[in-house]
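Scroll down for the structure; my scribbles are underneath it.
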Protein chains: 2
Amino acid sequence: MDFKASLSEKSKYIEEKIRIFAPKEEGYQKSVIEAMNYSLMAGGKRLRPILIMETYRLCGGKDDRFLPYSIAIEMIHTYSLVHDDLPALDNDDLRRGKPTNHKVYGEAMAILAGDALLNHAFQIMLEGSLKYDKPENSLRAAYEISKGAGIYGMIGGQVVDVESENKKIDKDKLDFIHLNKTAAMIVGSIRSGAILADSSEEKLEALSNYANNIGLAFQIIDDILDIEGDEKILGKHIGSDIDNEKSTYPSIIGMEESKKIAKKLIENAKSELEIFGENAEFLTNLADYIIARDK
Amino acid sequence: MDFKASLSEKSKYIEEKIRIFAPKEEGYQKSVIEAMNYSLMAGGKRLRPILIMETYRLCGGKDDRFLPYSIAIEMIHTYSLVHDDLPALDNDDLRRGKPTNHKVYGEAMAILAGDALLNHAFQIMLEGSLKYDKPENSLRAAYEISKGAGIYGMIGGQVVDVESENKKIDKDKLDFIHLNKTAAMIVGSIRSGAILADSSEEKLEALSNYANNIGLAFQIIDDILDIEGDEKILGKHIGSDIDNEKSTYPSIIGMEESKKIAKKLIENAKSELEIFGENAEFLTNLADYIIARDK
């Protein structure tokens with residue numbers, strides 16, 4: 001099976017599990033649960049949940065204790081999109097071809113549904129962990145996810161991104177945005193999977209470096225695709241960064257240099273996996289997939 | 001020392017600790033941290049953090065492991081107020097006599113600051129717990145707080161409250177709102193404090209019943225004060241529930257019956273404390289304070 005087919009199969013597996021873990025649409029509070037599930041089921045690559053699953057398995061995890069964490073990280077990713085789309089932030093009407101949450105349920109409900117997704121993420125991680133041994137690993141894994149999602153991670157990156165709109169910023173600040181807005185949740189996913197499997201500190205360190213490298217590379221490729229991508233394949237208009245005078249890797253250090261750095265980051269990421277030998281095939285292929293992606 | 005003085009002393013103690021636990025206002029993401037701390041430091045009775053502290057001590061807890069939980073529950077309470085005040089929800093300009101978060105920092109930042117407070121609450125509970133033994137208790141205590149704050153607790157109550165505006169609702173639905181919007185976080189606070197102290201199931205059960213009773217009584221008194229309260233003492237206009245055609249305890253079952261039920265709930269709450277003997281003095285006085293309060 002080629003890598004894309006394998007990725008899509010894993011993605012389908014996670015979708016099924018999301019359906020099982022999603023709160024039931026019942027009770028007086030049914031409407032907010034419907035709004036949560038609407039965005040949670042709206043598709044996507046499910047990359048973060050897959051990363052938790054894969055690193056858990058790679059580090060020797062045998063049971064399903066990673067699952068509540070996989071579902072939780074997707075709930076956190078989803079809430080960030082729901083709030084990002086609000087009129088006060090990006091004011092987007094469409095997300096993945098479907099009306100955004102506030103377009104369907106109204107702004108008040110979209111705010112509450114986002115809050116509910118974030119809170120429920122922690123609720124299912126904590127509840128799920130009560131059934132398993134090694135509670136110290138569960139605490140630490142949930143902590144890694146909270147760190148990746150918070151002010152020293154995703155939210156920190158979002159805030160600086162919002163404040164940098166229509167402004168020239170330097171490479172240091174752009175790296176801060178990329179590393180926090182995107183890479184931090186990838187780092188959190190990968191670290192939590194490894195910790196749940198009782199990984200050695202050495203392997204955890206290697207995986208963290210891998211995660212930071214692919215996370216930053218992912219964002220640089222995003223910047224590049226917004227200039228050189230194929231609109232038909234991407235499924236969205238290109239050139240929006242230039243139209244919005246957004247500082248990007250190509251605008252700050254040039255296109256050739258950006259490509260060189262992305263390639264180097266992917267090489268570095270893959271070299272971190274040597275400690276795992278051929279067991280790390282999925283993560284190696286994922287790194288190659290990120291640099292070669294056209295959407 | 002009388003009860004009000006003791007409450008105010010405990011509240012000051014918590015304030016000091018909030019100051020220590022609050023994230024430092026530095027780094028590229030400084031603005032969102034300022035917005036978080038603005039609302040976190042804006043005063044209030046700090047009732048929920050005090051409840052965690054008091055039940056932890058009552059159940060025999062000796063160290064300070066309850067503190068991250070106390071700070072966390074106040075961060076969750078604060079985020080809920082920040083989001084509640086947003087234009088899409090209650091559209092309030094003032095909170096405790098100060099401009100609301102979005103009035104000072106703008107709507108986008110208020111949304112992100114609320115998200116950040118909720119996420120940071122879990123981050124400090126989880127991080128704080130890593131330093132202590134009995135991680136299974138920490139997991140369970142954090143779970144209780146997530147449950148009290150989520151769709152089967154506070155958010156669930158908020159949603160039904162928002163949807164019931166200008167509508168006649170029955171007592172069953174009103175109880176749902178009161179029990180979830182207010183009582184659930186009080187239950188979560190009290191249960192987490194007891195669990196962190198390794199409480200017996202019997203004591204945990206008694207404290208949960210106490211919490212539910214004072215939580216519901218608190219809301220009924222709120223309904224009553226909105227009719228019979230003294231505007232000067234309350235510091236806000238009365239009659240807003242009637243103006244907004246809001247269903248309340250007095251409007252559904254009458255004023256005399258409402259007072260009778262509130263009194264009965266407080267009696268029930270106090271009788272649950274018998275298992276603790278005179279050690280439960282604070283919680284007993286708190287129950288009396290809730291029924292006698294004039295603001």
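Identifiers in the structure tokens: chain A, B, ... in order shown; residue index from 1 per chain; ligand index from 1 in order shown.
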Would you pick out the contacts of B:Glu34 at 8 Å or less, using only C-alpha atoms, so that residues sharing its chain but fewer than 4 positions from it are not included, and give the list as a short mmCIF file (atom, residue, chain, number, x, y, z; two decimals) with all heavy atoms, in the first residue's frame?
data_model
loop_
_atom_site.label_atom_id
_atom_site.label_comp_id
_atom_site.auth_asym_id
_atom_site.auth_seq_id
_atom_site.Cartn_x
_atom_site.Cartn_y
_atom_site.Cartn_z
N GLU B 25 3.61 38.50 32.12
CA GLU B 25 3.25 39.30 30.94
C GLU B 25 4.49 39.64 30.13
O GLU B 25 5.01 40.75 30.20
CB GLU B 25 2.48 40.55 31.39
CG GLU B 25 1.15 40.15 32.03
CD GLU B 25 0.41 41.29 32.70
OE1 GLU B 25 0.84 42.44 32.57
OE2 GLU B 25 -0.61 41.00 33.36
N LYS B 30 2.58 38.58 24.77
CA LYS B 30 2.31 39.37 25.97
C LYS B 30 0.86 39.91 26.05
O LYS B 30 0.25 39.92 27.11
CB LYS B 30 3.30 40.55 25.96
CG LYS B 30 3.31 41.39 27.20
CD LYS B 30 4.34 42.52 27.02
CE LYS B 30 4.21 43.53 28.14
NZ LYS B 30 5.06 44.70 27.93
N TYR B 38 -6.00 40.69 33.29
CA TYR B 38 -6.92 41.79 33.56
C TYR B 38 -8.21 41.27 34.19
O TYR B 38 -8.67 41.77 35.22
CB TYR B 38 -7.23 42.54 32.26
CG TYR B 38 -8.33 43.57 32.37
CD1 TYR B 38 -8.08 44.83 32.92
CD2 TYR B 38 -9.63 43.30 31.91
CE1 TYR B 38 -9.09 45.78 33.03
CE2 TYR B 38 -10.64 44.24 32.02
CZ TYR B 38 -10.37 45.47 32.58
OH TYR B 38 -11.37 46.41 32.70
#
Exercise. Among stretch 31-239 of chain A, which residues carry a DSSP assignment of strand (DSSP E or B), reported as an NGL selection string?
Worked result: :A and (94-95 or 98-99)
Problem set entry | atom CA of B:Arg46 to atom CA of A:Ala149, distance in Å rounded to a single decimal | 26.3 Å
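One distance worth recording is that between atom CA of A:Pro49 and atom CA of A:Gly61, which is 15.0 Å.
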Counting only C-alpha atoms, which residues of chain B fall within 7 Å of chain A, and what is the closest atom pair for each with its distance in Å at one decimal, ordered by chain and rising number, as a tab-separated table?
residue	atom	partner	partner_atom	distance
B:Tyr28	CA	A:Val160	CA	6.5
B:Gln29	CA	A:Gly156	CA	5.2
B:Val32	CA	A:Val159	CA	6.8
B:Ala88	CA	A:Ala108	CA	5.1
B:Leu89	CA	A:Ala108	CA	5.4
B:Glu107	CA	A:Ala88	CA	6.0
B:Ala108	CA	A:Ala88	CA	5.1
B:Asp115	CA	A:Asp115	CA	6.9
B:Ala116	CA	A:Gly150	CA	6.0
B:Asn119	CA	A:Gly150	CA	5.8
B:His120	CA	A:Gly150	CA	6.3
B:Phe122	CA	A:Ser146	CA	6.7
B:Gln123	CA	A:Ser146	CA	5.2
B:Leu126	CA	A:Tyr143	CA	5.3
B:Glu127	CA	A:Tyr143	CA	6.2
B:Pro135	CA	A:Glu136	CA	5.4
B:Glu136	CA	A:Pro135	CA	5.4
B:Leu139	CA	A:Leu126	CA	6.0
B:Tyr143	CA	A:Leu126	CA	5.3
B:Ser146	CA	A:Gln123	CA	5.2
B:Lys147	CA	A:Gln123	CA	6.3
B:Gly150	CA	A:Asn119	CA	5.8
B:Ile151	CA	A:Ala116	CA	6.3
B:Ile155	CA	A:Ala116	CA	6.7
B:Gly156	CA	A:Gln29	CA	5.2
B:Val159	CA	A:Gln29	CA	6.3
B:Val160	CA	A:Gln29	CA	5.9
Selection above as a file: C-alpha atoms, as a CSV table (one decimal), in the first residue's frame:
chain,number,residue,atom,x,y,z
B,28,TYR,CA,5.6,38.1,21.7
B,29,GLN,CA,2.2,36.8,23.1
B,32,VAL,CA,-3.1,37.9,25.4
B,88,ALA,CA,-22.8,37.9,20.7
B,89,LEU,CA,-23.9,36.8,24.2
B,107,GLU,CA,-13.5,41.2,20.7
B,108,ALA,CA,-10.9,39.0,19.0
B,115,ASP,CA,-9.8,30.3,25.4
B,116,ALA,CA,-6.4,30.8,26.9
B,119,ASN,CA,-6.7,26.0,28.5
B,120,HIS,CA,-4.3,27.4,31.1
B,122,PHE,CA,-5.9,22.6,32.8
B,123,GLN,CA,-2.2,23.3,32.1
B,126,LEU,CA,-1.7,19.0,35.3
B,127,GLU,CA,1.7,20.7,35.7
B,135,PRO,CA,-1.3,10.9,40.5
B,136,GLU,CA,-4.6,8.8,40.3
B,139,LEU,CA,-6.3,12.8,37.5
B,143,TYR,CA,-11.7,15.2,35.8
B,146,SER,CA,-13.7,19.3,33.7
B,147,LYS,CA,-17.0,17.7,34.2
B,150,GLY,CA,-18.4,21.2,30.5
B,151,ILE,CA,-21.5,20.3,28.6
B,155,ILE,CA,-21.6,25.1,29.6
B,156,GLY,CA,-24.7,22.9,29.4
B,159,VAL,CA,-26.6,27.1,26.6
B,160,VAL,CA,-30.1,26.3,28.0
